[in-house]
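Visitor: Right, I'll just put the structure down here and ask away after.
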Amino acid sequence: EQAYLTGAEAVRGLGFEPQADAQEGSANLFLFLDPQDENGAGIPERTLLYKREGRFENRKGTFSCSREELMSIAVNTPSRLSNNVLTRPVMQDYVLPVLATVLGAGEIAYWALTAPAFRMLDMQMPIIMPRMSFTLVEGTIAKHMIKYDLTFDDVAFRFPERKETWLKEQDDVDIDGRFAEAKRYFAEMYDPLLDTIGSIETGLSLLGEVNKRRITEQIEYLEKRTKEAHARRFETVTRQLDRIATALWPAGLPQERVVNISVYWNLYGRSWLDRLLELPLDRCGGHRMIYI
């Protein structure tokens, strides 16, 4: 517990927020409650244990056991115990001969808390190697990216803005400017009228403000429909742009998190996969575009 708290403090000292919860009083251990326990829930339930007054309890305190009872479980029914996210790395290296561990960005972030725990147990923390990341790019997608001058970062991190910018560049009537001008002229004409009717009766000012808001909303509704009609003129292009985003960054996530490799395997065979395996290992991880 103290080692993980020290690790979390070291991470904060470097200007980062710890990506795992090192809690004071946590046993950093899960237990599957025995259905036969009088405190059990009837079915095996994985619960995180906390240290309280010399005993081990679940968060709500509905289950409690002594250190001796927990040790007995470890000896006789060890399958009832499981690591949490912070003790798993230590257990992994205790059981297996690990030279290096290949991790994604999120995993590296929480492994940063574990170094003091390794030292406390006189263990050598393994080398951390960032996992290589790949995005597969089909020929048509690559051609469309060139056509619309899109980079991978454009698609992954600023696609809506780039798509909107492209459509605006095709706007030869200045939709934004014309509607902004109309709303400004309307306000300039209507506001003096509100002042006038307010001098006749106070309640008319409130009614006038409501009326002004409704008219403005109608102008904005017409602006929205105009932009939709403008976009339909370039429906083929927008479909191509959306296809690029769906292929490279589906559902707003990295391709490898969403699309199963068998999709490309079925479409293109496995020759591209054999070539992919010939790439040299990049010990710094990084991201690569693979054109197939």
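Residues in the structure tokens are named by chain (A, B, ... in the order shown) and by number from 1 within that chain; ligands are numbered from 1 in the order shown.
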Would you give me, as a tab-separated table, each residue of stretch 176-232 of chain A having an atom within 12 Å of an atom of stretch 146-164 of chain A, along with its shortest atom pair and that distance in Å to one decimal, using only C-alpha atoms and sorting by chain and residue number?

Guide:
residue	atom	partner	partner_atom	distance
A:Asp176	CA	A:Glu164	CA	11.9
A:Lys227	CA	A:Glu164	CA	10.4
A:Glu228	CA	A:Glu164	CA	11.6
A:His230	CA	A:Glu164	CA	11.5
A:Ala231	CA	A:Glu164	CA	9.5

Visitor: Would you kindly return, as a ChimeraX atom specification, each protein, DNA or RNA residue with an atom no farther than 9 Å from any atom of A:Arg288, considering only C-alpha atoms and excluding same-chain residues fewer than 4 positions away?

Guide: /A:132-136

Visitor: With distances taken over only C-alpha atoms, which of A:Gly7, A:Pro89, A:Pro97, A:Gly252 is nearest to A:Gln19?

Guide: A:Gly7

Visitor: Grab the atom CA of A:Ala182 to atom CA of A:Thr216 distance for me, in Å with one decimal place.

Guide: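 Rounded to one decimal, the two atoms are 9.7 Å apart.
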
Visitor: Between A:Glu223, A:Arg52, A:Asn58, A:Glu17, which has the minimum distance to A:Arg178 (counting only C-alpha atoms)?

Guide: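 Among the listed residues, A:Glu223 lies closest to A:Arg178.
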
Visitor: When you look at A:Pro116 with a cut-off of 10 Å (counting only C-alpha atoms), what residues show up, excluding the ones that are within fewer than 3 positions of it in the same chain? I need them as a VMD selection string.

Guide: chain A and resid 2 to 8 10 112 to 113 119 to 123 125

Visitor: Take the residues just selected and output them with N, CA, C and O atoms as a PDB file, in the first residue's frame.

Guide:
ATOM      1  N   GLN A   2       1.866   1.285   0.870  1.00  0.00           N
ATOM      2  CA  GLN A   2       2.723   2.455   0.961  1.00  0.00           C
ATOM      3  C   GLN A   2       3.537   2.646  -0.317  1.00  0.00           C
ATOM      4  O   GLN A   2       3.764   3.772  -0.772  1.00  0.00           O
ATOM      5  N   ALA A   3       3.962   1.532  -0.913  1.00  0.00           N
ATOM      6  CA  ALA A   3       4.745   1.612  -2.151  1.00  0.00           C
ATOM      7  C   ALA A   3       3.920   2.259  -3.269  1.00  0.00           C
ATOM      8  O   ALA A   3       4.424   3.111  -4.013  1.00  0.00           O
ATOM      9  N   TYR A   4       2.661   1.867  -3.375  1.00  0.00           N
ATOM     10  CA  TYR A   4       1.826   2.431  -4.436  1.00  0.00           C
ATOM     11  C   TYR A   4       1.502   3.893  -4.168  1.00  0.00           C
ATOM     12  O   TYR A   4       1.441   4.712  -5.092  1.00  0.00           O
ATOM     13  N   LEU A   5       1.296   4.247  -2.911  1.00  0.00           N
ATOM     14  CA  LEU A   5       1.063   5.645  -2.573  1.00  0.00           C
ATOM     15  C   LEU A   5       2.297   6.485  -2.890  1.00  0.00           C
ATOM     16  O   LEU A   5       2.193   7.611  -3.392  1.00  0.00           O
ATOM     17  N   THR A   6       3.488   5.918  -2.623  1.00  0.00           N
ATOM     18  CA  THR A   6       4.736   6.611  -2.959  1.00  0.00           C
ATOM     19  C   THR A   6       4.861   6.778  -4.470  1.00  0.00           C
ATOM     20  O   THR A   6       5.267   7.835  -4.965  1.00  0.00           O
ATOM     21  N   GLY A   7       4.512   5.715  -5.220  1.00  0.00           N
ATOM     22  CA  GLY A   7       4.557   5.789  -6.673  1.00  0.00           C
ATOM     23  C   GLY A   7       3.625   6.842  -7.216  1.00  0.00           C
ATOM     24  O   GLY A   7       3.981   7.592  -8.140  1.00  0.00           O
ATOM     25  N   ALA A   8       2.419   6.919  -6.655  1.00  0.00           N
ATOM     26  CA  ALA A   8       1.444   7.918  -7.113  1.00  0.00           C
ATOM     27  C   ALA A   8       1.950   9.324  -6.844  1.00  0.00           C
ATOM     28  O   ALA A   8       1.791  10.235  -7.667  1.00  0.00           O
ATOM     29  N   ALA A  10       5.084  10.237  -6.646  1.00  0.00           N
ATOM     30  CA  ALA A  10       6.192  10.510  -7.572  1.00  0.00           C
ATOM     31  C   ALA A  10       5.657  10.926  -8.933  1.00  0.00           C
ATOM     32  O   ALA A  10       6.202  11.836  -9.583  1.00  0.00           O
ATOM     33  N   ALA A 112       3.549   3.116 -14.138  1.00  0.00           N
ATOM     34  CA  ALA A 112       4.452   4.092 -13.541  1.00  0.00           C
ATOM     35  C   ALA A 112       4.347   4.105 -12.016  1.00  0.00           C
ATOM     36  O   ALA A 112       5.296   4.487 -11.325  1.00  0.00           O
ATOM     37  N   LEU A 113       3.219   3.655 -11.485  1.00  0.00           N
ATOM     38  CA  LEU A 113       3.033   3.633 -10.025  1.00  0.00           C
ATOM     39  C   LEU A 113       3.698   2.432  -9.363  1.00  0.00           C
ATOM     40  O   LEU A 113       3.835   2.394  -8.143  1.00  0.00           O
ATOM     41  N   ARG A 119      10.739  -2.562  -6.066  1.00  0.00           N
ATOM     42  CA  ARG A 119      11.941  -2.384  -5.227  1.00  0.00           C
ATOM     43  C   ARG A 119      11.719  -2.927  -3.830  1.00  0.00           C
ATOM     44  O   ARG A 119      12.610  -3.542  -3.236  1.00  0.00           O
ATOM     45  N   MET A 120      10.517  -2.715  -3.289  1.00  0.00           N
ATOM     46  CA  MET A 120      10.227  -3.176  -1.937  1.00  0.00           C
ATOM     47  C   MET A 120      10.336  -4.692  -1.827  1.00  0.00           C
ATOM     48  O   MET A 120      10.743  -5.237  -0.796  1.00  0.00           O
ATOM     49  N   LEU A 121       9.990  -5.400  -2.920  1.00  0.00           N
ATOM     50  CA  LEU A 121      10.026  -6.864  -2.920  1.00  0.00           C
ATOM     51  C   LEU A 121      11.343  -7.402  -3.487  1.00  0.00           C
ATOM     52  O   LEU A 121      11.447  -8.593  -3.777  1.00  0.00           O
ATOM     53  N   ASP A 122      12.342  -6.511  -3.623  1.00  0.00           N
ATOM     54  CA  ASP A 122      13.655  -6.901  -4.157  1.00  0.00           C
ATOM     55  C   ASP A 122      13.537  -7.552  -5.533  1.00  0.00           C
ATOM     56  O   ASP A 122      14.226  -8.531  -5.844  1.00  0.00           O
ATOM     57  N   MET A 123      12.647  -7.022  -6.347  1.00  0.00           N
ATOM     58  CA  MET A 123      12.450  -7.521  -7.704  1.00  0.00           C
ATOM     59  C   MET A 123      12.914  -6.481  -8.711  1.00  0.00           C
ATOM     60  O   MET A 123      12.882  -5.281  -8.435  1.00  0.00           O
ATOM     61  N   MET A 125      12.198  -4.497 -11.889  1.00  0.00           N
ATOM     62  CA  MET A 125      11.089  -4.105 -12.757  1.00  0.00           C
ATOM     63  C   MET A 125      11.487  -4.358 -14.210  1.00  0.00           C
ATOM     64  O   MET A 125      12.595  -4.016 -14.628  1.00  0.00           O
TER      65      MET A 125
END

Visitor: May I have all residues of stretch 5-199 of chain A that DSSP, computed from the backbone, assigns to helix (DSSP H, G or I), given as a CSV table (one decimal) with N, CA, C and O atoms, in the first residue's frame?

Guide:
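Full text of part37.csv as output:
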chain,number,residue,atom,x,y,z
A,5,LEU,N,1.3,4.2,-2.9
A,5,LEU,CA,1.1,5.6,-2.6
A,5,LEU,C,2.3,6.5,-2.9
A,5,LEU,O,2.2,7.6,-3.4
A,6,THR,N,3.5,5.9,-2.6
A,6,THR,CA,4.7,6.6,-3.0
A,6,THR,C,4.9,6.8,-4.5
A,6,THR,O,5.3,7.8,-5.0
A,7,GLY,N,4.5,5.7,-5.2
A,7,GLY,CA,4.6,5.8,-6.7
A,7,GLY,C,3.6,6.8,-7.2
A,7,GLY,O,4.0,7.6,-8.1
A,8,ALA,N,2.4,6.9,-6.7
A,8,ALA,CA,1.4,7.9,-7.1
A,8,ALA,C,2.0,9.3,-6.8
A,8,ALA,O,1.8,10.2,-7.7
A,9,GLU,N,2.6,9.5,-5.7
A,9,GLU,CA,3.1,10.8,-5.3
A,9,GLU,C,4.2,11.2,-6.3
A,9,GLU,O,4.4,12.4,-6.7
A,10,ALA,N,5.1,10.2,-6.6
A,10,ALA,CA,6.2,10.5,-7.6
A,10,ALA,C,5.7,10.9,-8.9
A,10,ALA,O,6.2,11.8,-9.6
A,11,VAL,N,4.6,10.3,-9.4
A,11,VAL,CA,4.0,10.6,-10.7
A,11,VAL,C,3.4,12.0,-10.6
A,11,VAL,O,3.6,12.8,-11.6
A,12,ARG,N,2.8,12.4,-9.5
A,12,ARG,CA,2.2,13.8,-9.4
A,12,ARG,C,3.4,14.8,-9.4
A,12,ARG,O,3.3,15.9,-9.9
A,13,GLY,N,4.5,14.4,-8.7
A,13,GLY,CA,5.6,15.3,-8.7
A,13,GLY,C,6.2,15.6,-10.0
A,13,GLY,O,6.9,16.6,-10.2
A,67,ARG,N,-6.7,-11.8,9.0
A,67,ARG,CA,-5.5,-12.1,8.2
A,67,ARG,C,-5.3,-13.6,8.1
A,67,ARG,O,-4.9,-14.1,7.1
A,68,GLU,N,-5.5,-14.3,9.3
A,68,GLU,CA,-5.3,-15.8,9.3
A,68,GLU,C,-6.3,-16.4,8.3
A,68,GLU,O,-6.0,-17.4,7.6
A,69,GLU,N,-7.6,-16.0,8.3
A,69,GLU,CA,-8.5,-16.6,7.4
A,69,GLU,C,-8.2,-16.3,5.9
A,69,GLU,O,-8.3,-17.2,5.1
A,70,LEU,N,-7.6,-15.1,5.7
A,70,LEU,CA,-7.2,-14.8,4.3
A,70,LEU,C,-6.0,-15.6,3.9
A,70,LEU,O,-6.0,-16.1,2.8
A,71,MET,N,-5.1,-15.9,4.8
A,71,MET,CA,-4.0,-16.7,4.5
A,71,MET,C,-4.4,-18.1,4.2
A,71,MET,O,-3.9,-18.8,3.4
A,72,SER,N,-5.4,-18.6,5.0
A,72,SER,CA,-6.0,-19.9,4.8
A,72,SER,C,-6.6,-20.1,3.4
A,72,SER,O,-6.4,-21.1,2.7
A,73,ILE,N,-7.3,-19.0,2.9
A,73,ILE,CA,-7.8,-19.0,1.6
A,73,ILE,C,-6.7,-19.1,0.6
A,73,ILE,O,-6.8,-19.8,-0.4
A,74,ALA,N,-5.6,-18.3,0.8
A,74,ALA,CA,-4.5,-18.3,-0.1
A,74,ALA,C,-3.9,-19.7,-0.3
A,74,ALA,O,-3.4,-20.1,-1.4
A,75,VAL,N,-3.8,-20.4,0.8
A,75,VAL,CA,-3.2,-21.8,0.8
A,75,VAL,C,-4.1,-22.8,0.2
A,75,VAL,O,-3.7,-23.7,-0.6
A,76,ASN,N,-5.4,-22.8,0.6
A,76,ASN,CA,-6.3,-23.9,0.3
A,76,ASN,C,-7.2,-23.6,-0.9
A,76,ASN,O,-7.5,-24.6,-1.7
A,78,PRO,N,-6.7,-20.8,-3.5
A,78,PRO,CA,-6.1,-19.6,-4.1
A,78,PRO,C,-6.8,-19.0,-5.3
A,78,PRO,O,-6.7,-17.8,-5.6
A,79,SER,N,-7.6,-19.9,-5.9
A,79,SER,CA,-8.4,-19.4,-7.1
A,79,SER,C,-9.4,-18.3,-6.7
A,79,SER,O,-10.0,-17.6,-7.5
A,80,ARG,N,-9.7,-18.2,-5.4
A,80,ARG,CA,-10.7,-17.2,-4.9
A,80,ARG,C,-10.0,-15.8,-4.9
A,80,ARG,O,-10.7,-14.8,-4.7
A,87,THR,N,-1.3,-4.7,-8.5
A,87,THR,CA,-0.5,-5.9,-8.0
A,87,THR,C,-0.4,-6.9,-9.2
A,87,THR,O,0.5,-7.8,-9.0
A,88,ARG,N,-1.1,-6.9,-10.2
A,88,ARG,CA,-1.0,-7.8,-11.3
A,88,ARG,C,0.4,-7.8,-11.9
A,88,ARG,O,1.0,-8.8,-12.2
A,89,PRO,N,1.0,-6.6,-12.2
A,89,PRO,CA,2.3,-6.5,-12.8
A,89,PRO,C,3.4,-7.2,-11.9
A,89,PRO,O,4.2,-8.0,-12.4
A,90,VAL,N,3.3,-7.0,-10.6
A,90,VAL,CA,4.2,-7.7,-9.6
A,90,VAL,C,4.0,-9.2,-9.6
A,90,VAL,O,5.0,-10.0,-9.7
A,91,MET,N,2.8,-9.7,-9.6
A,91,MET,CA,2.5,-11.1,-9.6
A,91,MET,C,3.0,-11.7,-10.9
A,91,MET,O,3.6,-12.8,-10.9
A,92,GLN,N,2.8,-11.0,-12.0
A,92,GLN,CA,3.2,-11.5,-13.3
A,92,GLN,C,4.7,-11.8,-13.3
A,92,GLN,O,5.2,-12.8,-13.8
A,93,ASP,N,5.5,-10.8,-12.8
A,93,ASP,CA,6.9,-10.9,-12.8
A,93,ASP,C,7.4,-11.9,-11.8
A,93,ASP,O,8.5,-12.4,-11.9
A,94,TYR,N,6.6,-12.1,-10.7
A,94,TYR,CA,7.0,-13.1,-9.7
A,94,TYR,C,6.9,-14.5,-10.3
A,94,TYR,O,7.7,-15.4,-10.0
A,95,VAL,N,5.8,-14.7,-11.1
A,95,VAL,CA,5.5,-16.1,-11.6
A,95,VAL,C,6.3,-16.4,-12.8
A,95,VAL,O,6.7,-17.6,-13.0
A,105,ALA,N,-0.4,2.8,-24.2
A,105,ALA,CA,-0.2,4.1,-23.5
A,105,ALA,C,-0.9,4.1,-22.1
A,105,ALA,O,-0.3,4.5,-21.1
A,106,GLY,N,-2.1,3.6,-22.1
A,106,GLY,CA,-2.8,3.6,-20.8
A,106,GLY,C,-2.2,2.7,-19.8
A,106,GLY,O,-2.1,3.0,-18.6
A,107,GLU,N,-1.7,1.5,-20.2
A,107,GLU,CA,-1.1,0.6,-19.3
A,107,GLU,C,0.3,1.2,-18.8
A,107,GLU,O,0.6,1.0,-17.6
A,108,ILE,N,1.0,1.8,-19.7
A,108,ILE,CA,2.3,2.4,-19.3
A,108,ILE,C,2.0,3.4,-18.2
A,108,ILE,O,2.8,3.5,-17.2
A,109,ALA,N,0.9,4.2,-18.3
A,109,ALA,CA,0.6,5.2,-17.4
A,109,ALA,C,0.4,4.7,-15.9
A,109,ALA,O,0.9,5.2,-15.0
A,110,TYR,N,-0.3,3.5,-15.8
A,110,TYR,CA,-0.5,3.0,-14.5
A,110,TYR,C,0.7,2.2,-14.0
A,110,TYR,O,0.9,2.0,-12.8
A,111,TRP,N,1.4,1.6,-14.9
A,111,TRP,CA,2.7,0.9,-14.5
A,111,TRP,C,3.6,1.8,-13.8
A,111,TRP,O,4.5,1.4,-13.0
A,115,ALA,N,6.8,1.0,-9.7
A,115,ALA,CA,8.3,0.8,-9.5
A,115,ALA,C,8.6,0.7,-8.0
A,115,ALA,O,9.4,-0.2,-7.6
A,116,PRO,N,8.1,1.5,-7.1
A,116,PRO,CA,8.4,1.3,-5.6
A,116,PRO,C,8.0,-0.1,-5.1
A,116,PRO,O,8.7,-0.6,-4.2
A,117,ALA,N,7.0,-0.7,-5.6
A,117,ALA,CA,6.5,-2.0,-5.2
A,117,ALA,C,7.5,-3.1,-5.6
A,117,ALA,O,7.9,-4.0,-4.8
A,118,PHE,N,8.1,-3.0,-6.8
A,118,PHE,CA,9.1,-3.9,-7.3
A,118,PHE,C,10.3,-3.8,-6.4
A,118,PHE,O,10.9,-4.8,-6.0
A,119,ARG,N,10.7,-2.6,-6.1
A,119,ARG,CA,11.9,-2.4,-5.2
A,119,ARG,C,11.7,-2.9,-3.8
A,119,ARG,O,12.6,-3.5,-3.2
A,120,MET,N,10.5,-2.7,-3.3
A,120,MET,CA,10.2,-3.2,-1.9
A,120,MET,C,10.3,-4.7,-1.8
A,120,MET,O,10.7,-5.2,-0.8
A,139,GLY,N,-6.3,1.0,-50.8
A,139,GLY,CA,-5.9,1.9,-51.9
A,139,GLY,C,-6.9,3.0,-52.2
A,139,GLY,O,-6.4,4.2,-52.4
A,140,THR,N,-8.2,2.7,-52.2
A,140,THR,CA,-9.2,3.8,-52.4
A,140,THR,C,-9.1,4.9,-51.4
A,140,THR,O,-9.2,6.1,-51.7
A,141,ILE,N,-9.0,4.4,-50.1
A,141,ILE,CA,-8.9,5.4,-49.0
A,141,ILE,C,-7.7,6.3,-49.2
A,141,ILE,O,-7.7,7.5,-49.0
A,142,ALA,N,-6.5,5.7,-49.5
A,142,ALA,CA,-5.3,6.4,-49.7
A,142,ALA,C,-5.5,7.5,-50.8
A,142,ALA,O,-5.0,8.6,-50.7
A,143,LYS,N,-6.1,7.1,-51.9
A,143,LYS,CA,-6.3,8.1,-53.0
A,143,LYS,C,-7.2,9.2,-52.6
A,143,LYS,O,-7.0,10.4,-53.0
A,144,HIS,N,-8.3,8.9,-51.8
A,144,HIS,CA,-9.2,10.0,-51.4
A,144,HIS,C,-8.5,10.9,-50.4
A,144,HIS,O,-8.7,12.1,-50.4
A,145,MET,N,-7.6,10.4,-49.6
A,145,MET,CA,-6.8,11.2,-48.6
A,145,MET,C,-5.9,12.2,-49.4
A,145,MET,O,-5.8,13.4,-49.0
A,146,ILE,N,-5.3,11.7,-50.4
A,146,ILE,CA,-4.5,12.6,-51.3
A,146,ILE,C,-5.4,13.6,-52.0
A,146,ILE,O,-5.0,14.8,-52.0
A,147,LYS,N,-6.5,13.2,-52.5
A,147,LYS,CA,-7.4,14.1,-53.2
A,147,LYS,C,-7.9,15.3,-52.3
A,147,LYS,O,-7.9,16.4,-52.8
A,152,PHE,N,-3.4,11.5,-41.5
A,152,PHE,CA,-4.0,10.7,-40.5
A,152,PHE,C,-4.4,11.5,-39.3
A,152,PHE,O,-5.5,11.3,-38.8
A,153,ASP,N,-3.6,12.5,-38.9
A,153,ASP,CA,-4.0,13.3,-37.7
A,153,ASP,C,-5.2,14.1,-38.0
A,153,ASP,O,-6.1,14.3,-37.1
A,154,ASP,N,-5.4,14.5,-39.3
A,154,ASP,CA,-6.6,15.3,-39.7
A,154,ASP,C,-7.8,14.4,-39.4
A,154,ASP,O,-8.9,14.8,-38.9
A,155,VAL,N,-7.7,13.1,-39.8
A,155,VAL,CA,-8.9,12.2,-39.7
A,155,VAL,C,-9.1,11.8,-38.3
A,155,VAL,O,-10.3,11.8,-37.8
A,156,ALA,N,-8.1,11.6,-37.5
A,156,ALA,CA,-8.2,11.1,-36.2
A,156,ALA,C,-8.6,12.2,-35.2
A,156,ALA,O,-9.4,11.9,-34.3
A,157,PHE,N,-8.1,13.4,-35.4
A,157,PHE,CA,-8.2,14.4,-34.3
A,157,PHE,C,-9.0,15.6,-34.7
A,157,PHE,O,-9.4,16.4,-33.8
A,159,PHE,N,-11.3,15.8,-37.7
A,159,PHE,CA,-12.0,15.5,-39.0
A,159,PHE,C,-13.3,16.3,-39.1
A,159,PHE,O,-13.5,16.9,-40.2
A,160,PRO,N,-14.1,16.5,-38.1
A,160,PRO,CA,-15.3,17.4,-38.3
A,160,PRO,C,-14.9,18.8,-38.8
A,160,PRO,O,-15.6,19.3,-39.6
A,161,GLU,N,-13.8,19.3,-38.2
A,161,GLU,CA,-13.4,20.7,-38.6
A,161,GLU,C,-12.9,20.7,-40.0
A,161,GLU,O,-13.3,21.6,-40.8
A,162,ARG,N,-12.1,19.7,-40.4
A,162,ARG,CA,-11.6,19.7,-41.8
A,162,ARG,C,-12.8,19.5,-42.8
A,162,ARG,O,-12.8,20.1,-43.9
A,163,LYS,N,-13.7,18.6,-42.4
A,163,LYS,CA,-14.9,18.4,-43.3
A,163,LYS,C,-15.7,19.7,-43.5
A,163,LYS,O,-16.1,20.1,-44.6
A,164,GLU,N,-15.9,20.4,-42.3
A,164,GLU,CA,-16.7,21.6,-42.4
A,164,GLU,C,-15.9,22.7,-43.2
A,164,GLU,O,-16.5,23.4,-44.0
A,165,THR,N,-14.6,22.7,-43.0
A,165,THR,CA,-13.8,23.7,-43.7
A,165,THR,C,-13.9,23.5,-45.2
A,165,THR,O,-14.0,24.4,-46.0
A,166,TRP,N,-13.9,22.2,-45.6
A,166,TRP,CA,-13.9,21.9,-47.1
A,166,TRP,C,-15.3,22.3,-47.6
A,166,TRP,O,-15.3,22.9,-48.7
A,167,LEU,N,-16.4,22.1,-46.9
A,167,LEU,CA,-17.7,22.5,-47.4
A,167,LEU,C,-17.8,24.0,-47.5
A,167,LEU,O,-18.4,24.5,-48.5
A,168,LYS,N,-17.2,24.7,-46.5
A,168,LYS,CA,-17.2,26.2,-46.6
A,168,LYS,C,-16.5,26.7,-47.8
A,168,LYS,O,-16.9,27.7,-48.3
A,169,GLU,N,-15.4,26.0,-48.1
A,169,GLU,CA,-14.6,26.5,-49.2
A,169,GLU,C,-15.4,26.4,-50.6
A,169,GLU,O,-15.1,27.0,-51.5
A,175,ILE,N,-22.9,31.4,-47.0
A,175,ILE,CA,-24.1,31.1,-46.2
A,175,ILE,C,-23.9,31.7,-44.8
A,175,ILE,O,-24.8,32.4,-44.3
A,176,ASP,N,-22.8,31.5,-44.1
A,176,ASP,CA,-22.6,32.0,-42.8
A,176,ASP,C,-22.7,33.5,-42.7
A,176,ASP,O,-23.4,34.1,-41.9
A,177,GLY,N,-22.0,34.2,-43.7
A,177,GLY,CA,-22.0,35.6,-43.7
A,177,GLY,C,-23.4,36.2,-44.0
A,177,GLY,O,-23.8,37.2,-43.3
A,178,ARG,N,-24.1,35.6,-44.9
A,178,ARG,CA,-25.4,36.2,-45.3
A,178,ARG,C,-26.4,36.0,-44.1
A,178,ARG,O,-27.2,36.9,-43.8
A,179,PHE,N,-26.4,34.9,-43.4
A,179,PHE,CA,-27.4,34.7,-42.3
A,179,PHE,C,-26.9,35.5,-41.1
A,179,PHE,O,-27.8,36.0,-40.4
A,180,ALA,N,-25.6,35.7,-40.9
A,180,ALA,CA,-25.2,36.5,-39.8
A,180,ALA,C,-25.6,38.0,-40.0
A,180,ALA,O,-26.1,38.7,-39.1
A,181,GLU,N,-25.5,38.4,-41.3
A,181,GLU,CA,-26.0,39.7,-41.7
A,181,GLU,C,-27.5,39.9,-41.5
A,181,GLU,O,-28.0,40.9,-41.0
A,182,ALA,N,-28.3,38.9,-41.8
A,182,ALA,CA,-29.7,38.9,-41.7
A,182,ALA,C,-30.1,39.0,-40.2
A,182,ALA,O,-31.0,39.8,-39.8
A,183,LYS,N,-29.4,38.3,-39.3
A,183,LYS,CA,-29.7,38.3,-37.9
A,183,LYS,C,-29.3,39.7,-37.3
A,183,LYS,O,-30.0,40.2,-36.4
A,184,ARG,N,-28.2,40.2,-37.8
A,184,ARG,CA,-27.8,41.5,-37.3
A,184,ARG,C,-28.8,42.6,-37.7
A,184,ARG,O,-29.2,43.5,-36.9
A,185,TYR,N,-29.2,42.6,-39.0
A,185,TYR,CA,-30.2,43.6,-39.5
A,185,TYR,C,-31.5,43.5,-38.7
A,185,TYR,O,-32.2,44.5,-38.4
A,186,PHE,N,-32.0,42.2,-38.5
A,186,PHE,CA,-33.2,42.0,-37.8
A,186,PHE,C,-33.1,42.6,-36.4
A,186,PHE,O,-34.1,43.3,-35.9
A,187,ALA,N,-32.0,42.4,-35.7
A,187,ALA,CA,-31.8,42.9,-34.3
A,187,ALA,C,-31.8,44.4,-34.3
A,187,ALA,O,-32.4,45.1,-33.5
A,188,GLU,N,-31.1,45.0,-35.3
A,188,GLU,CA,-31.1,46.5,-35.4
A,188,GLU,C,-32.4,47.1,-35.6
A,188,GLU,O,-32.7,48.2,-35.1
A,189,MET,N,-33.3,46.4,-36.4
A,189,MET,CA,-34.6,46.9,-36.7
A,189,MET,C,-35.6,46.6,-35.5
A,189,MET,O,-36.4,47.5,-35.1
A,190,TYR,N,-35.4,45.5,-34.8
A,190,TYR,CA,-36.4,45.0,-33.8
A,190,TYR,C,-36.2,45.6,-32.4
A,190,TYR,O,-37.1,45.9,-31.7
A,191,ASP,N,-34.9,45.8,-32.1
A,191,ASP,CA,-34.6,46.3,-30.7
A,191,ASP,C,-35.2,47.7,-30.4
A,191,ASP,O,-35.8,47.9,-29.4
A,192,PRO,N,-35.1,48.7,-31.4
A,192,PRO,CA,-35.8,49.9,-31.1
A,192,PRO,C,-37.3,49.8,-30.9
A,192,PRO,O,-38.0,50.5,-30.1
A,193,LEU,N,-37.9,48.8,-31.7
A,193,LEU,CA,-39.3,48.6,-31.6
A,193,LEU,C,-39.7,48.1,-30.2
A,193,LEU,O,-40.7,48.4,-29.6
A,194,LEU,N,-38.8,47.2,-29.6
A,194,LEU,CA,-39.0,46.7,-28.2
A,194,LEU,C,-39.0,47.8,-27.2
A,194,LEU,O,-39.8,47.8,-26.3
A,195,ASP,N,-38.1,48.8,-27.4
A,195,ASP,CA,-38.1,49.9,-26.5
A,195,ASP,C,-39.4,50.7,-26.6
A,195,ASP,O,-39.9,51.2,-25.6
A,196,THR,N,-39.9,50.9,-27.8
A,196,THR,CA,-41.1,51.7,-28.0
A,196,THR,C,-42.3,51.0,-27.3
A,196,THR,O,-43.1,51.7,-26.6
A,197,ILE,N,-42.5,49.7,-27.6
A,197,ILE,CA,-43.7,49.1,-27.0
A,197,ILE,C,-43.5,48.9,-25.5
A,197,ILE,O,-44.6,48.9,-24.8
A,198,GLY,N,-42.3,48.9,-25.0
A,198,GLY,CA,-42.1,48.8,-23.5
A,198,GLY,C,-42.6,50.0,-22.8
A,198,GLY,O,-43.0,50.0,-21.7
A,199,SER,N,-42.5,51.2,-23.5
A,199,SER,CA,-42.9,52.4,-22.9
A,199,SER,C,-44.5,52.5,-22.9
A,199,SER,O,-45.0,53.3,-22.1
